[in-house]
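Encoded as structure tokens, the structure appears first; notes follow it.
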Amino acid sequence: MGLLDDIAALAKLAAASIDDVGAATGRATAKAAGVVVDDTAVTPQYLRSVAAKRELPIVWKIAVGSIRNKLVFILPAALLLSQFLPWLLPIVLMIGGTYLAYEGAEKIWHKVSGHHDAELPATEVSPEAEKKMVAGAIRTDLILSAEIMVIALDEVADETFWSRLAILVVVAFVITVIVYGIVAAIVKMDDVGLRLATYDSGFSRTLGRGLVKAMPVVLAVISVVGTVAMLWVGGHILLVNLGADGTGWIPAPYEWVHHIELAIHDGAGAFGGTLGWIFNTLCSAVVGLVVGGLVVAVLHLLPSRKKETQEHPVRG
């Protein structure tokens, strides 16, 4: 009876631990939701000019790469750094933020300069181009996933090491399923529309034709949102981490932005929260555009980069 009593006590303790991990996972996932929106907006632009039959396989490849990013690269590095070198995490994030800002600024530069690709028929995407496309999407996902995982880690910093590990593994899978489930739904929406257009119901046919007509516009909007999201997230990472432990060289910028955001929040009544968020986001996007633009300018001034641009003016 005493042994059974001990087993029951251990079982209750284990159940309580599972509940704690579940609650902490929910908090961490909610905290990272902002970057999830950006990740969802950025990814579909990599699937333009892709044949319909290759869309879901490519999404699957990117999703697998995203899980690998989170579990193999980001999670061990984040846990070890947070355990032994916590001051190094902001610096790593700032490097990633600079890369995101550069990616967004370069997309704008290619649009403005006319060096962007012409739209290719979906059937003309070669296996090599597909491989390059997947690699680019996974590389961008690495930065966004790092931000997601570090935000989640910060939310559960008070937990024990093993609890943090379990929570972040769950967060990695939950976030990936949400992001790439939404991406898959977006890229296949036109196929759903085509199927609905073949039904006998007048409503189904109208809805199907509407979806087919709307998808090019939706994808174009998502492409713009993805570019803005890169600038926004990259600039926000730079602003926030400039004043963090280990990078507290210039703490003033984000303090100034946050102070004005709070003033807008308190003074604008019912719309204060939204307007404050818009101001913060706008400042982050401007910082991302400035920093990314500087990196683009420097790289395009390099002799090797200028030669490459002249030899291959169309960017893949």
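Residues are referred to by chain and number: the chain letter is A, B, ... according to the order shown in the structure tokens, the number counts from 1 in that chain, and ligands are numbered separately from 1 in the order shown.
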Quick one: everything within 10 Å of range 278-291 of chain A, counting only C-alpha atoms, minus sequence neighbours fewer than 2 positions away in the same chain. Send it as a short mmCIF file (atom, residue, chain, number, x, y, z; two decimals) with N, CA and C atoms, in the first residue's frame.
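File written: out_17.cif
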```
data_model
loop_
_atom_site.label_atom_id
_atom_site.label_comp_id
_atom_site.auth_asym_id
_atom_site.auth_seq_id
_atom_site.Cartn_x
_atom_site.Cartn_y
_atom_site.Cartn_z
N GLY A 97 18.86 39.81 -37.80
CA GLY A 97 18.03 40.95 -38.16
C GLY A 97 18.60 41.74 -39.32
N THR A 98 19.93 41.91 -39.34
CA THR A 98 20.58 42.61 -40.44
C THR A 98 20.40 41.84 -41.75
N TYR A 99 20.49 40.51 -41.68
CA TYR A 99 20.30 39.70 -42.89
C TYR A 99 18.86 39.85 -43.41
N LEU A 100 17.88 39.80 -42.52
CA LEU A 100 16.49 39.97 -42.95
C LEU A 100 16.28 41.34 -43.59
N ALA A 101 16.83 42.38 -42.96
CA ALA A 101 16.70 43.73 -43.51
C ALA A 101 17.34 43.81 -44.90
N TYR A 102 18.49 43.16 -45.05
CA TYR A 102 19.16 43.13 -46.36
C TYR A 102 18.29 42.43 -47.40
N GLU A 103 17.69 41.29 -47.04
CA GLU A 103 16.85 40.57 -47.98
C GLU A 103 15.67 41.43 -48.44
N GLY A 104 15.02 42.11 -47.49
CA GLY A 104 13.90 42.97 -47.86
C GLY A 104 14.33 44.14 -48.72
N ALA A 105 15.45 44.79 -48.36
CA ALA A 105 15.93 45.93 -49.13
C ALA A 105 16.38 45.52 -50.53
N GLU A 106 16.99 44.35 -50.65
CA GLU A 106 17.44 43.92 -51.98
C GLU A 106 16.26 43.62 -52.89
N ILE A 108 13.45 45.18 -52.84
CA ILE A 108 12.99 46.51 -53.28
C ILE A 108 13.93 47.06 -54.34
N VAL A 228 7.81 43.66 -46.79
CA VAL A 228 7.67 44.60 -45.66
C VAL A 228 7.94 43.89 -44.35
N ALA A 229 7.49 42.63 -44.24
CA ALA A 229 7.70 41.87 -43.00
C ALA A 229 9.18 41.66 -42.74
N MET A 230 9.97 41.40 -43.80
CA MET A 230 11.41 41.25 -43.61
C MET A 230 12.02 42.53 -43.03
N LEU A 231 11.62 43.67 -43.59
CA LEU A 231 12.14 44.95 -43.09
C LEU A 231 11.67 45.21 -41.66
N TRP A 232 10.39 44.93 -41.43
CA TRP A 232 9.81 45.18 -40.11
C TRP A 232 10.47 44.31 -39.04
N VAL A 233 10.52 43.01 -39.28
CA VAL A 233 11.08 42.11 -38.27
C VAL A 233 12.57 42.37 -38.09
N GLY A 234 13.29 42.53 -39.22
CA GLY A 234 14.72 42.80 -39.12
C GLY A 234 15.00 44.08 -38.36
N GLY A 235 14.26 45.15 -38.67
CA GLY A 235 14.45 46.42 -37.95
C GLY A 235 14.08 46.31 -36.49
N HIS A 236 13.00 45.56 -36.19
CA HIS A 236 12.58 45.42 -34.80
C HIS A 236 13.63 44.65 -33.99
N ILE A 237 14.20 43.59 -34.60
CA ILE A 237 15.25 42.84 -33.91
C ILE A 237 16.42 43.76 -33.59
N LEU A 238 16.81 44.59 -34.55
CA LEU A 238 17.94 45.50 -34.34
C LEU A 238 17.62 46.53 -33.25
N LEU A 239 16.42 47.12 -33.32
CA LEU A 239 16.04 48.13 -32.33
C LEU A 239 16.04 47.57 -30.92
N VAL A 240 15.39 46.42 -30.74
CA VAL A 240 15.24 45.85 -29.40
C VAL A 240 16.57 45.40 -28.83
N PRO A 253 17.45 54.30 -28.90
CA PRO A 253 16.44 54.26 -29.96
C PRO A 253 15.16 53.54 -29.58
N TYR A 254 15.25 52.31 -29.05
CA TYR A 254 14.02 51.60 -28.76
C TYR A 254 13.32 52.19 -27.54
N VAL A 257 11.30 54.95 -29.03
CA VAL A 257 10.15 54.42 -29.78
C VAL A 257 9.10 53.88 -28.83
N HIS A 258 9.53 53.10 -27.82
CA HIS A 258 8.58 52.51 -26.88
C HIS A 258 7.88 53.57 -26.04
N HIS A 259 8.62 54.61 -25.67
CA HIS A 259 8.03 55.70 -24.89
C HIS A 259 6.91 56.38 -25.68
N ILE A 260 7.16 56.67 -26.95
CA ILE A 260 6.13 57.31 -27.78
C ILE A 260 4.97 56.35 -28.03
N GLU A 261 5.27 55.08 -28.22
CA GLU A 261 4.21 54.08 -28.39
C GLU A 261 3.28 54.05 -27.19
N LEU A 262 3.84 54.08 -25.99
CA LEU A 262 3.02 54.10 -24.77
C LEU A 262 2.20 55.38 -24.68
N ILE A 264 1.09 57.17 -27.20
CA ILE A 264 -0.01 57.02 -28.16
C ILE A 264 -1.07 56.08 -27.61
N GLY A 272 -5.84 53.43 -29.25
CA GLY A 272 -4.47 53.65 -28.79
C GLY A 272 -3.56 52.47 -29.02
N GLY A 273 -4.05 51.27 -28.71
CA GLY A 273 -3.21 50.08 -28.88
C GLY A 273 -2.82 49.86 -30.33
N THR A 274 -3.81 50.01 -31.24
CA THR A 274 -3.54 49.80 -32.67
C THR A 274 -2.59 50.86 -33.21
N LEU A 275 -2.85 52.12 -32.88
CA LEU A 275 -2.00 53.21 -33.38
C LEU A 275 -0.59 53.13 -32.82
N GLY A 276 -0.47 52.74 -31.54
CA GLY A 276 0.85 52.57 -30.96
C GLY A 276 1.63 51.46 -31.64
N GLY A 293 19.31 48.83 -46.73
CA GLY A 293 19.77 49.61 -47.87
C GLY A 293 21.26 49.86 -47.84
N LEU A 294 21.80 50.12 -46.65
CA LEU A 294 23.25 50.31 -46.52
C LEU A 294 24.00 49.04 -46.89
N VAL A 295 23.50 47.88 -46.43
CA VAL A 295 24.17 46.61 -46.75
C VAL A 295 24.10 46.35 -48.26
N VAL A 296 22.94 46.61 -48.87
CA VAL A 296 22.80 46.42 -50.32
C VAL A 296 23.78 47.33 -51.06
N ALA A 297 23.87 48.60 -50.64
CA ALA A 297 24.77 49.54 -51.30
C ALA A 297 26.22 49.08 -51.20
#
```
If you run DSSP on the backbone here, which positions in range 63-304 of chain A get alpha helix (DSSP H)? Please write them as number ranges by chain.
A: 63-68, 75-84, 88-113, 127-155, 161-187, 189-197, 202-242, 252-267, 272-301, 303-304
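Nearest residue to Val171 in chain A, choosing from A:Leu196, A:Val72, A:Val183, A:Met149 and counting only C-alpha atoms: A:Met149.
Minimum atom-to-atom distances from A:Ala135, A:Leu168, A:Val218, A:Val150 to Pro44 in chain A were compared using only C-alpha atoms, and the lowest value belongs to A:Val218.
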Near Leu142 in chain A, counting only C-alpha atoms, which residues have an atom at most 10 Å away, once you skip same-chain residues fewer than 4 positions from it, shown as a PDB file with C-alpha atoms, in the first residue's frame?
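File written: result06.pdb
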```pdb
ATOM      1  CA  GLY A  65      13.864  22.287 -43.410  1.00  0.00           C
ATOM      2  CA  SER A  66      12.152  24.574 -40.908  1.00  0.00           C
ATOM      3  CA  ILE A  67      11.866  21.775 -38.336  1.00  0.00           C
ATOM      4  CA  ARG A  68      15.527  20.942 -38.931  1.00  0.00           C
ATOM      5  CA  ASN A  69      16.433  24.613 -38.455  1.00  0.00           C
ATOM      6  CA  LYS A  70      14.586  24.757 -35.149  1.00  0.00           C
ATOM      7  CA  PHE A  73      20.548  24.266 -35.209  1.00  0.00           C
ATOM      8  CA  ILE A  74      18.560  26.856 -33.258  1.00  0.00           C
ATOM      9  CA  GLY A  96      20.014  37.703 -38.239  1.00  0.00           C
ATOM     10  CA  GLY A 136      16.479  30.291 -50.129  1.00  0.00           C
ATOM     11  CA  ALA A 137      13.195  29.764 -48.288  1.00  0.00           C
ATOM     12  CA  ILE A 138      14.885  27.576 -45.646  1.00  0.00           C
ATOM     13  CA  ALA A 146      15.567  31.896 -34.571  1.00  0.00           C
ATOM     14  CA  GLU A 147      13.503  34.924 -33.597  1.00  0.00           C
ATOM     15  CA  ILE A 148      10.500  32.723 -32.785  1.00  0.00           C
TER      16      ILE A 148
END
```
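For the residues A:Ala220, A:Val177, A:Val192, A:Val170, ranking by smallest atom-to-atom distance to Leu207 in chain A using only C-alpha atoms places A:Val192 first.
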